[in-house]
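Engineer: Have a look at this one.
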Amino acid sequence: MNSLLIYTLRIADCSLVLGQRMCEWCSKGPTLEEDIALSNIGLDLFGQANGFYEYASKVDGNKSADELAFKRNEREFYNFQISEQKNEHFGTTMVRNFLRDAFKYLFYNELSKSNDVTLAALASKSLKEVKYHLRHSTNWVIRLGDGTNESNSKVQQSLNFLWQFTGEFFEMDDVDKEMLNEGIGVDNKKLKGTWDKLIIDTLNKAKLKKPEDGYMATGSKKGIHTEHLGFLLAEMQYLPRAYPDAKW
Amino acid sequence: MDEKKFQEKIDKEQKIEPKDWMPEGYRNHLIRQMSQHAHSEVIGMQPERNWITRAPSLRAKMILLAKVQDEAGHGLYLYSACETLGISRQELVQQLHDEKAKYSSIFNYPTLTWADMGAIGWLVDGAAIVNQVSLQRTSYGPYSRAMIKICKEESFHQRQGYEIMAEMAKGTPEQKEMAQDALNRFWWPSIMMFGPQDSESPRSGNAMKWKIKRQTNDELRQNFIDKTVGQAEVIGLKIPDPDLKWNEERGHYDFGKMDWEEFWSVVNGNGPCNKQRLDHHRKAHEDGAWVRKAAQEFAKKQLTN
Amino acid sequence: MTEKTTVWEVFIQSKNGLAHKHVGNVHATDKIMALENARELYTRRNEGSCIWVVKSSEIVSSESEDSEAFFDPSNDKMYRHPTFYTMPDGAKHI
């Protein structure tokens, strides 16, 4: 598979998988207003996924966007492992999204300067959305961190668990390096400093402790995931796989 | 301001606003009707949200999520309008949880296949549209304005459902069978959404006099059936009513006997999903309690800082 | 269960240059949440370029029993409307 295709699929997969998690919140939000907010985030993510899959489909020249989304298996997905982590309670969802939103905000900002015109345009659009997502998740991390003792304890635990998935953001493998050399891709390593600052600033306001860097999960760039992805894909892909000849 | 002046306003097609004098009966009827309408929107999210994670294409997924999200929005418009009558959303939700308030019984049926998304959008939202278009002219200002806003958003809901059914009806044999099966299961519950027949409807009198209700249950039901039969024919699906027949004299479709025993049984708690729907709502509410508490504490801290 | 949240009235300016219009209310615990909830609920279809939220408790409203005294007196002052005046034929720009 060519590098541009892989690079694009990584972005598309990440949005799709997190979108799936977000739509699990539908009708389960802590307030009705927040239910709508979570669905809006889901819609933005699916819109992003769709845009990047459409481009991937062009680059691939063979499979449609839907085929890329619904017919690839577990080892062919390249989303960050953090995206597939379960929602658990609202605090875990907000912390997961916050850590990822902060990275994507910096990432899309850089990608919007890409030599690849399509990726740049998709990144610009996604940047507007992720700016709002980051604002939303940041505000909730602060409310929950600096809310009650119970809420602080809950999100501290979420943060402690999810921290291991943040290492993947800053990896640069051969595909990343090739894309960077061509002026298409982003230097993920360069984003770490700013990301650290963004995170610390919010954690301080939220009265939360930044976890120590310990074991860092890795492997999604090669299609290595946590056990959650299999279940997520089984549910998501069931209909097209059960009715291969059907058009919907 | 008294009952006579109030009724004159109603008869002159003037709107009643929150600060106007109104008979207790009018206020209570509205609180019950508007809150049950709101509860229906919110509970109505559940049967459809089941299929969002399993939607068969990216487009279908986004559309369904947007639609269900709209239902939450409609619930909010209606709770908001209901609160103008001097009751809080918290009290209304408590009434729902205590089973003192009801919601539309159609949502006590399960969604078993993807085709159910088509059937619900086409028939359930279709029936809701007929009802809501009529309610746009209701006498209570906030309710009327909420209905106007909702109607603007609702027609996409029906179209997305009908589109699903149309595509499946002309798809593979399995798809067509799935679509027909969904229509078979949702037809009768949908036409019973309009409520008991006029002859059996105890509260209709005042509702019509006070122009809360603008058309009777039977009128609305007939309206819906007349509109829908042709739509089924266009996509090649059969409505499961052997007595359905165009009546040239009446200028309407005649239709078969509805099973009111089943209807009342489900309304009174014996439907397939009654317990599940309320449990889901209660659980979401309870699970969110610590979040709401934290948000309140945080807000308090900002005031004292 | 006696939680109480603050109710906020929402005003949306749909396009630059137009006045803000009241569209309904939202529940929220702080003003940032109120703005965001208003955005989620009332601007999904491109209906907004600016949002105001005001705590419902801050809204001062005229009372309906005062409406005769408040509003009827302006009904008989037609001389405030330009249509009250007959202009000579031929007069332009007036």
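FYI, nothing fancy with the structure tokens labels: chains A, B, ... in order, residues from 1 per chain, ligands from 1 as they appear.
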Could you tell me which residues of chain B sit within 6 Å of chain C when counting only C-alpha atoms, and give me the result as a list of chain:residue names?
Structural biologist: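 Per the criterion, chain B yields B:Lys19, B:Asp20, B:Gly73, B:Gln296, B:Ala299.
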Engineer: For chain C, work out the contacting residues on chain A at 12 Å, counting only C-alpha atoms, and write them as a PDB file with all heavy atoms, in the first residue's frame.
Structural biologist:
ATOM      1  N   PRO A  30     -25.364  12.906  30.392  1.00  0.00           N
ATOM      2  CA  PRO A  30     -25.713  13.321  31.753  1.00  0.00           C
ATOM      3  C   PRO A  30     -26.806  14.401  31.786  1.00  0.00           C
ATOM      4  O   PRO A  30     -27.483  14.562  32.799  1.00  0.00           O
ATOM      5  CB  PRO A  30     -24.392  13.856  32.321  1.00  0.00           C
ATOM      6  CG  PRO A  30     -23.541  14.143  31.144  1.00  0.00           C
ATOM      7  CD  PRO A  30     -23.966  13.246  30.039  1.00  0.00           C
ATOM      8  N   THR A  31     -26.938  15.140  30.713  1.00  0.00           N
ATOM      9  CA  THR A  31     -28.089  16.036  30.541  1.00  0.00           C
ATOM     10  C   THR A  31     -28.504  15.930  29.085  1.00  0.00           C
ATOM     11  O   THR A  31     -27.723  15.472  28.250  1.00  0.00           O
ATOM     12  CB  THR A  31     -27.754  17.518  30.824  1.00  0.00           C
ATOM     13  OG1 THR A  31     -26.796  17.970  29.851  1.00  0.00           O
ATOM     14  CG2 THR A  31     -27.202  17.732  32.217  1.00  0.00           C
ATOM     15  N   LEU A  32     -29.707  16.365  28.796  1.00  0.00           N
ATOM     16  CA  LEU A  32     -30.178  16.312  27.422  1.00  0.00           C
ATOM     17  C   LEU A  32     -29.356  17.243  26.528  1.00  0.00           C
ATOM     18  O   LEU A  32     -29.019  16.912  25.386  1.00  0.00           O
ATOM     19  CB  LEU A  32     -31.649  16.712  27.398  1.00  0.00           C
ATOM     20  CG  LEU A  32     -32.546  16.180  26.307  1.00  0.00           C
ATOM     21  CD1 LEU A  32     -32.318  14.702  26.051  1.00  0.00           C
ATOM     22  CD2 LEU A  32     -34.009  16.420  26.691  1.00  0.00           C
ATOM     23  N   GLU A  33     -28.982  18.398  27.083  1.00  0.00           N
ATOM     24  CA  GLU A  33     -28.156  19.339  26.319  1.00  0.00           C
ATOM     25  C   GLU A  33     -26.811  18.710  25.967  1.00  0.00           C
ATOM     26  O   GLU A  33     -26.313  18.840  24.852  1.00  0.00           O
ATOM     27  CB  GLU A  33     -27.928  20.632  27.120  1.00  0.00           C
ATOM     28  CG  GLU A  33     -29.103  21.592  27.140  1.00  0.00           C
ATOM     29  CD  GLU A  33     -30.063  21.364  28.304  1.00  0.00           C
ATOM     30  OE1 GLU A  33     -29.976  20.303  28.961  1.00  0.00           O
ATOM     31  OE2 GLU A  33     -30.891  22.256  28.553  1.00  0.00           O
ATOM     32  N   GLU A  34     -26.229  18.022  26.926  1.00  0.00           N
ATOM     33  CA  GLU A  34     -24.922  17.411  26.690  1.00  0.00           C
ATOM     34  C   GLU A  34     -25.053  16.258  25.702  1.00  0.00           C
ATOM     35  O   GLU A  34     -24.157  15.984  24.916  1.00  0.00           O
ATOM     36  CB  GLU A  34     -24.307  16.941  28.010  1.00  0.00           C
ATOM     37  CG  GLU A  34     -22.871  16.458  27.911  1.00  0.00           C
ATOM     38  CD  GLU A  34     -21.906  17.503  27.368  1.00  0.00           C
ATOM     39  OE1 GLU A  34     -22.127  18.717  27.592  1.00  0.00           O
ATOM     40  OE2 GLU A  34     -20.931  17.107  26.690  1.00  0.00           O
ATOM     41  N   ASP A  35     -26.179  15.570  25.716  1.00  0.00           N
ATOM     42  CA  ASP A  35     -26.456  14.508  24.753  1.00  0.00           C
ATOM     43  C   ASP A  35     -26.324  15.061  23.344  1.00  0.00           C
ATOM     44  O   ASP A  35     -25.673  14.464  22.470  1.00  0.00           O
ATOM     45  CB  ASP A  35     -27.895  13.993  24.972  1.00  0.00           C
ATOM     46  CG  ASP A  35     -28.050  12.525  24.657  1.00  0.00           C
ATOM     47  OD1 ASP A  35     -27.883  12.162  23.477  1.00  0.00           O
ATOM     48  OD2 ASP A  35     -28.350  11.741  25.579  1.00  0.00           O
ATOM     49  N   ILE A  36     -26.917  16.213  23.112  1.00  0.00           N
ATOM     50  CA  ILE A  36     -26.848  16.845  21.793  1.00  0.00           C
ATOM     51  C   ILE A  36     -25.415  17.232  21.455  1.00  0.00           C
ATOM     52  O   ILE A  36     -24.951  17.056  20.322  1.00  0.00           O
ATOM     53  CB  ILE A  36     -27.771  18.064  21.739  1.00  0.00           C
ATOM     54  CG1 ILE A  36     -29.217  17.624  21.913  1.00  0.00           C
ATOM     55  CG2 ILE A  36     -27.605  18.817  20.435  1.00  0.00           C
ATOM     56  CD1 ILE A  36     -30.216  18.751  21.794  1.00  0.00           C
ATOM     57  N   ALA A  37     -24.696  17.760  22.449  1.00  0.00           N
ATOM     58  CA  ALA A  37     -23.301  18.162  22.225  1.00  0.00           C
ATOM     59  C   ALA A  37     -22.459  16.959  21.820  1.00  0.00           C
ATOM     60  O   ALA A  37     -21.661  17.025  20.873  1.00  0.00           O
ATOM     61  CB  ALA A  37     -22.728  18.796  23.484  1.00  0.00           C
ATOM     62  N   LEU A  38     -22.629  15.841  22.514  1.00  0.00           N
ATOM     63  CA  LEU A  38     -21.846  14.642  22.207  1.00  0.00           C
ATOM     64  C   LEU A  38     -22.180  14.130  20.811  1.00  0.00           C
ATOM     65  O   LEU A  38     -21.301  13.675  20.077  1.00  0.00           O
ATOM     66  CB  LEU A  38     -22.105  13.565  23.268  1.00  0.00           C
ATOM     67  CG  LEU A  38     -21.664  13.948  24.688  1.00  0.00           C
ATOM     68  CD1 LEU A  38     -22.178  12.943  25.715  1.00  0.00           C
ATOM     69  CD2 LEU A  38     -20.151  14.056  24.791  1.00  0.00           C
ATOM     70  N   SER A  39     -23.454  14.177  20.440  1.00  0.00           N
ATOM     71  CA  SER A  39     -23.838  13.765  19.086  1.00  0.00           C
ATOM     72  C   SER A  39     -23.226  14.674  18.036  1.00  0.00           C
ATOM     73  O   SER A  39     -22.808  14.207  16.979  1.00  0.00           O
ATOM     74  CB  SER A  39     -25.364  13.795  18.929  1.00  0.00           C
ATOM     75  OG  SER A  39     -25.953  12.830  19.736  1.00  0.00           O
ATOM     76  N   ASN A  40     -23.166  15.966  18.336  1.00  0.00           N
ATOM     77  CA  ASN A  40     -22.556  16.904  17.377  1.00  0.00           C
ATOM     78  C   ASN A  40     -21.091  16.582  17.161  1.00  0.00           C
ATOM     79  O   ASN A  40     -20.584  16.649  16.031  1.00  0.00           O
ATOM     80  CB  ASN A  40     -22.689  18.348  17.873  1.00  0.00           C
ATOM     81  CG  ASN A  40     -23.856  19.055  17.226  1.00  0.00           C
ATOM     82  OD1 ASN A  40     -24.399  18.594  16.220  1.00  0.00           O
ATOM     83  ND2 ASN A  40     -24.259  20.182  17.794  1.00  0.00           N
ATOM     84  N   ILE A  41     -20.411  16.229  18.237  1.00  0.00           N
ATOM     85  CA  ILE A  41     -19.007  15.843  18.103  1.00  0.00           C
ATOM     86  C   ILE A  41     -18.923  14.600  17.223  1.00  0.00           C
ATOM     87  O   ILE A  41     -18.084  14.504  16.322  1.00  0.00           O
ATOM     88  CB  ILE A  41     -18.372  15.601  19.489  1.00  0.00           C
ATOM     89  CG1 ILE A  41     -18.312  16.919  20.264  1.00  0.00           C
ATOM     90  CG2 ILE A  41     -16.976  14.997  19.362  1.00  0.00           C
ATOM     91  CD1 ILE A  41     -17.931  16.781  21.725  1.00  0.00           C
ATOM     92  N   LEU A  43     -21.000  13.659  14.921  1.00  0.00           N
ATOM     93  CA  LEU A  43     -21.274  14.030  13.530  1.00  0.00           C
ATOM     94  C   LEU A  43     -20.069  14.679  12.871  1.00  0.00           C
ATOM     95  O   LEU A  43     -19.753  14.407  11.713  1.00  0.00           O
ATOM     96  CB  LEU A  43     -22.475  14.976  13.462  1.00  0.00           C
ATOM     97  CG  LEU A  43     -23.818  14.290  13.604  1.00  0.00           C
ATOM     98  CD1 LEU A  43     -24.925  15.306  13.814  1.00  0.00           C
ATOM     99  CD2 LEU A  43     -24.124  13.438  12.386  1.00  0.00           C
ATOM    100  N   ASP A  44     -19.395  15.558  13.602  1.00  0.00           N
ATOM    101  CA  ASP A  44     -18.181  16.176  13.065  1.00  0.00           C
ATOM    102  C   ASP A  44     -17.156  15.101  12.716  1.00  0.00           C
ATOM    103  O   ASP A  44     -16.528  15.134  11.654  1.00  0.00           O
ATOM    104  CB  ASP A  44     -17.549  17.124  14.101  1.00  0.00           C
ATOM    105  CG  ASP A  44     -18.307  18.427  14.259  1.00  0.00           C
ATOM    106  OD1 ASP A  44     -19.140  18.747  13.392  1.00  0.00           O
ATOM    107  OD2 ASP A  44     -18.061  19.131  15.260  1.00  0.00           O
ATOM    108  N   TYR A 132     -13.385  23.459  18.497  1.00  0.00           N
ATOM    109  CA  TYR A 132     -14.581  23.431  19.344  1.00  0.00           C
ATOM    110  C   TYR A 132     -14.565  22.214  20.260  1.00  0.00           C
ATOM    111  O   TYR A 132     -14.894  22.294  21.442  1.00  0.00           O
ATOM    112  CB  TYR A 132     -15.844  23.451  18.476  1.00  0.00           C
ATOM    113  CG  TYR A 132     -17.083  23.726  19.274  1.00  0.00           C
ATOM    114  CD1 TYR A 132     -17.461  25.040  19.585  1.00  0.00           C
ATOM    115  CD2 TYR A 132     -17.870  22.688  19.772  1.00  0.00           C
ATOM    116  CE1 TYR A 132     -18.582  25.300  20.350  1.00  0.00           C
ATOM    117  CE2 TYR A 132     -18.984  22.941  20.531  1.00  0.00           C
ATOM    118  CZ  TYR A 132     -19.344  24.250  20.824  1.00  0.00           C
ATOM    119  OH  TYR A 132     -20.456  24.509  21.584  1.00  0.00           O
ATOM    120  N   HIS A 133     -14.161  21.068  19.704  1.00  0.00           N
ATOM    121  CA  HIS A 133     -14.105  19.850  20.517  1.00  0.00           C
ATOM    122  C   HIS A 133     -13.146  20.041  21.689  1.00  0.00           C
ATOM    123  O   HIS A 133     -13.420  19.628  22.815  1.00  0.00           O
ATOM    124  CB  HIS A 133     -13.630  18.645  19.690  1.00  0.00           C
ATOM    125  CG  HIS A 133     -14.504  18.328  18.525  1.00  0.00           C
ATOM    126  ND1 HIS A 133     -14.189  17.373  17.591  1.00  0.00           N
ATOM    127  CD2 HIS A 133     -15.692  18.836  18.125  1.00  0.00           C
ATOM    128  CE1 HIS A 133     -15.145  17.322  16.672  1.00  0.00           C
ATOM    129  NE2 HIS A 133     -16.065  18.197  16.969  1.00  0.00           N
ATOM    130  N   ARG A 135     -12.197  22.811  23.107  1.00  0.00           N
ATOM    131  CA  ARG A 135     -12.812  23.743  24.057  1.00  0.00           C
ATOM    132  C   ARG A 135     -13.804  22.992  24.948  1.00  0.00           C
ATOM    133  O   ARG A 135     -13.807  23.140  26.169  1.00  0.00           O
ATOM    134  CB  ARG A 135     -13.507  24.830  23.230  1.00  0.00           C
ATOM    135  CG  ARG A 135     -14.265  25.859  23.970  1.00  0.00           C
ATOM    136  CD  ARG A 135     -15.177  26.609  22.992  1.00  0.00           C
ATOM    137  NE  ARG A 135     -16.318  27.144  23.708  1.00  0.00           N
ATOM    138  CZ  ARG A 135     -16.533  28.435  23.915  1.00  0.00           C
ATOM    139  NH1 ARG A 135     -15.663  29.322  23.462  1.00  0.00           N
ATOM    140  NH2 ARG A 135     -17.594  28.841  24.570  1.00  0.00           N
ATOM    141  N   HIS A 136     -14.602  22.166  24.317  1.00  0.00           N
ATOM    142  CA  HIS A 136     -15.629  21.419  25.028  1.00  0.00           C
ATOM    143  C   HIS A 136     -15.011  20.450  26.036  1.00  0.00           C
ATOM    144  O   HIS A 136     -15.395  20.421  27.213  1.00  0.00           O
ATOM    145  CB  HIS A 136     -16.495  20.679  24.009  1.00  0.00           C
ATOM    146  CG  HIS A 136     -17.561  19.828  24.598  1.00  0.00           C
ATOM    147  ND1 HIS A 136     -17.411  18.476  24.800  1.00  0.00           N
ATOM    148  CD2 HIS A 136     -18.810  20.120  25.039  1.00  0.00           C
ATOM    149  CE1 HIS A 136     -18.519  17.988  25.332  1.00  0.00           C
ATOM    150  NE2 HIS A 136     -19.384  18.960  25.488  1.00  0.00           N
ATOM    151  N   SER A 137     -14.051  19.653  25.595  1.00  0.00           N
ATOM    152  CA  SER A 137     -13.467  18.644  26.486  1.00  0.00           C
ATOM    153  C   SER A 137     -12.626  19.323  27.571  1.00  0.00           C
ATOM    154  O   SER A 137     -12.644  18.895  28.732  1.00  0.00           O
ATOM    155  CB  SER A 137     -12.649  17.607  25.710  1.00  0.00           C
ATOM    156  OG  SER A 137     -11.644  18.220  24.928  1.00  0.00           O
ATOM    157  N   THR A 138     -11.921  20.392  27.213  1.00  0.00           N
ATOM    158  CA  THR A 138     -11.130  21.127  28.212  1.00  0.00           C
ATOM    159  C   THR A 138     -12.027  21.629  29.335  1.00  0.00           C
ATOM    160  O   THR A 138     -11.737  21.445  30.523  1.00  0.00           O
ATOM    161  CB  THR A 138     -10.421  22.335  27.557  1.00  0.00           C
ATOM    162  OG1 THR A 138      -9.519  21.863  26.560  1.00  0.00           O
ATOM    163  CG2 THR A 138      -9.662  23.156  28.576  1.00  0.00           C
ATOM    164  N   ASN A 139     -13.136  22.268  28.962  1.00  0.00           N
ATOM    165  CA  ASN A 139     -14.038  22.822  29.969  1.00  0.00           C
ATOM    166  C   ASN A 139     -14.597  21.739  30.880  1.00  0.00           C
ATOM    167  O   ASN A 139     -14.759  21.948  32.080  1.00  0.00           O
ATOM    168  CB  ASN A 139     -15.167  23.609  29.309  1.00  0.00           C
ATOM    169  CG  ASN A 139     -14.687  24.949  28.775  1.00  0.00           C
ATOM    170  OD1 ASN A 139     -13.789  25.554  29.336  1.00  0.00           O
ATOM    171  ND2 ASN A 139     -15.275  25.404  27.694  1.00  0.00           N
ATOM    172  N   TRP A 140     -14.887  20.592  30.310  1.00  0.00           N
ATOM    173  CA  TRP A 140     -15.417  19.500  31.152  1.00  0.00           C
ATOM    174  C   TRP A 140     -14.344  18.895  32.054  1.00  0.00           C
ATOM    175  O   TRP A 140     -14.611  18.567  33.212  1.00  0.00           O
ATOM    176  CB  TRP A 140     -16.064  18.407  30.293  1.00  0.00           C
ATOM    177  CG  TRP A 140     -17.507  18.689  30.059  1.00  0.00           C
ATOM    178  CD1 TRP A 140     -18.109  19.014  28.886  1.00  0.00           C
ATOM    179  CD2 TRP A 140     -18.555  18.710  31.048  1.00  0.00           C
ATOM    180  NE1 TRP A 140     -19.454  19.220  29.072  1.00  0.00           N
ATOM    181  CE2 TRP A 140     -19.757  19.042  30.384  1.00  0.00           C
ATOM    182  CE3 TRP A 140     -18.592  18.470  32.428  1.00  0.00           C
ATOM    183  CZ2 TRP A 140     -20.977  19.137  31.052  1.00  0.00           C
ATOM    184  CZ3 TRP A 140     -19.814  18.563  33.096  1.00  0.00           C
ATOM    185  CH2 TRP A 140     -20.991  18.896  32.403  1.00  0.00           C
ATOM    186  N   ARG A 143     -14.207  21.327  34.861  1.00  0.00           N
ATOM    187  CA  ARG A 143     -15.378  21.235  35.751  1.00  0.00           C
ATOM    188  C   ARG A 143     -15.309  19.995  36.626  1.00  0.00           C
ATOM    189  O   ARG A 143     -15.635  20.026  37.808  1.00  0.00           O
ATOM    190  CB  ARG A 143     -16.669  21.162  34.933  1.00  0.00           C
ATOM    191  CG  ARG A 143     -17.154  22.475  34.398  1.00  0.00           C
ATOM    192  CD  ARG A 143     -18.512  22.326  33.737  1.00  0.00           C
ATOM    193  NE  ARG A 143     -18.700  23.455  32.837  1.00  0.00           N
ATOM    194  CZ  ARG A 143     -18.665  23.386  31.509  1.00  0.00           C
ATOM    195  NH1 ARG A 143     -18.511  22.228  30.902  1.00  0.00           N
ATOM    196  NH2 ARG A 143     -18.802  24.479  30.772  1.00  0.00           N
ATOM    197  N   GLY A 147     -14.505  20.009  40.573  1.00  0.00           N
ATOM    198  CA  GLY A 147     -15.918  19.963  40.948  1.00  0.00           C
ATOM    199  C   GLY A 147     -16.056  19.487  42.379  1.00  0.00           C
ATOM    200  O   GLY A 147     -15.883  20.247  43.328  1.00  0.00           O
TER     201      GLY A 147
END
Engineer: Using backbone DSSP assignments, extract all alpha helix (DSSP H) residues from chain C; output them as number ranges by chain.
Structural biologist: C: 31-42, 67-71
Engineer: Show me, as a list of chain:residue names, every residue of chain A with an atom at most 7 Å from chain B, counting only C-alpha atoms.
Structural biologist: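 Matching residues, ligands excluded from the count: A:Gln20, A:Cys23, A:Cys26, A:Ser27, A:Lys28, A:Gly29, A:Pro30, A:Leu32, A:Ile36, A:Ser39, A:Leu43, A:Phe46, A:Asn50, A:Asp66, A:Arg143, A:Leu144, A:Asp146, A:Gly147, A:Thr148, A:Ser151, A:Glu235, A:Met236, A:Gln237, A:Tyr238, A:Leu239, A:Pro240, A:Ala246, A:Lys247, A:Trp248.
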Engineer: Which residues of stretch 205-304 of chain B come within 10 Å of stretch 117-125 of chain B, and for each one, what is the closest pair of atoms and their distance in Å to one decimal, counting only C-alpha atoms, sorted by chain and residue number, as a Markdown table?
Structural biologist:
| residue | atom | partner | partner_atom | distance |
| --- | --- | --- | --- | --- |
| B:Phe224 | CA | B:Leu123 | CA | 8.9 |
| B:Ile225 | CA | B:Leu123 | CA | 9.7 |
| B:Thr228 | CA | B:Leu123 | CA | 8.0 |
| B:Gln231 | CA | B:Trp122 | CA | 9.4 |
| B:Ala232 | CA | B:Trp122 | CA | 9.9 |
Engineer: Could you name the residues that touch stretch 139-149 of chain B at 8 Å or less, counting only C-alpha atoms, but leaving out those on the same chain fewer than 6 positions away, as a PyMOL selection string?
Structural biologist: chain B and resi 10+13-18+34+77-78+81-82+84+132-133+210-212
Engineer: For each of B:Leu85, B:Asn217, B:Glu91, B:Ser35, take the minimum atom-to-atom distance to B:Gly205, counting only C-alpha atoms, then give the residue where this is smallest.
Structural biologist: B:Asn217
Engineer: For atom CA of B:Ser199 and atom CA of B:Glu24, determine how far apart the two atoms are, in Å to one decimal place.
Structural biologist: 25.4 Å
Engineer: If I take atom CA of B:Asp11 and atom CA of B:Leu220, how far is one from the other in Å, to one decimal?
Structural biologist: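 These two atoms are separated by 21.6 Å.
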Engineer: Please compute the atom CA of B:Met178-atom CA of B:Ala115 distance, one decimal, in Å.
Structural biologist: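 Atom-to-atom, atom CA of B:Met178 to atom CA of B:Ala115, that is 5.9 Å.
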Engineer: Nearest to B:Gln7: which of B:Ser105, B:Asn206, B:Asn247, B:Thr111 is it, counting only C-alpha atoms?
Structural biologist: B:Asn206
Engineer: Using only C-alpha atoms, which protein or nucleic acid residues come within 7 Å of A:Val95? Drop anything in the same chain fewer than 2 positions from it, and give the result as a PyMOL selection string.
Structural biologist: chain A and resi 91-93+97-99+141+158-159
Engineer: Which of chain C end up as strand (DSSP E) when DSSP is run on this backbone - answer as a ChimeraX atom specification?
Structural biologist: /C:6-13,21-28,50-55
Engineer: Write the residues of the preceding selection, restricted to C-alpha atoms, as a CSV table (one decimal), in the first residue's frame.
Structural biologist:
chain,number,residue,atom,x,y,z
C,6,THR,CA,-30.1,27.6,36.1
C,7,VAL,CA,-32.3,28.4,33.2
C,8,TRP,CA,-30.9,30.7,30.5
C,9,GLU,CA,-32.9,32.5,27.8
C,10,VAL,CA,-31.2,32.3,24.4
C,11,PHE,CA,-31.1,35.0,21.7
C,12,ILE,CA,-29.6,34.3,18.3
C,13,GLN,CA,-28.4,36.7,15.7
C,21,LYS,CA,-34.1,37.1,18.4
C,22,HIS,CA,-35.3,35.1,21.3
C,23,VAL,CA,-35.5,31.4,20.5
C,24,GLY,CA,-36.1,29.6,23.8
C,25,ASN,CA,-34.1,28.5,26.7
C,26,VAL,CA,-31.4,26.1,27.9
C,27,HIS,CA,-30.4,24.6,31.2
C,28,ALA,CA,-26.7,25.1,32.3
C,50,CYS,CA,-23.9,35.3,17.3
C,51,ILE,CA,-25.5,34.0,20.5
C,52,TRP,CA,-26.5,35.8,23.7
C,53,VAL,CA,-27.5,33.9,26.8
C,54,VAL,CA,-29.1,35.6,29.8
C,55,LYS,CA,-30.2,34.1,33.1
Engineer: Excluding stretch 208-223 of chain A and any residue of its chain fewer than 6 positions from it, enumerate the residues within 10 Å of it, using only C-alpha atoms, and give them as a VMD selection string.
Structural biologist: chain A and resid 6 to 7 10 73 to 82 141 to 142 144 to 146 152 to 153 155 to 157 159 to 169 171 to 173 175 to 176 196 199 to 200 202
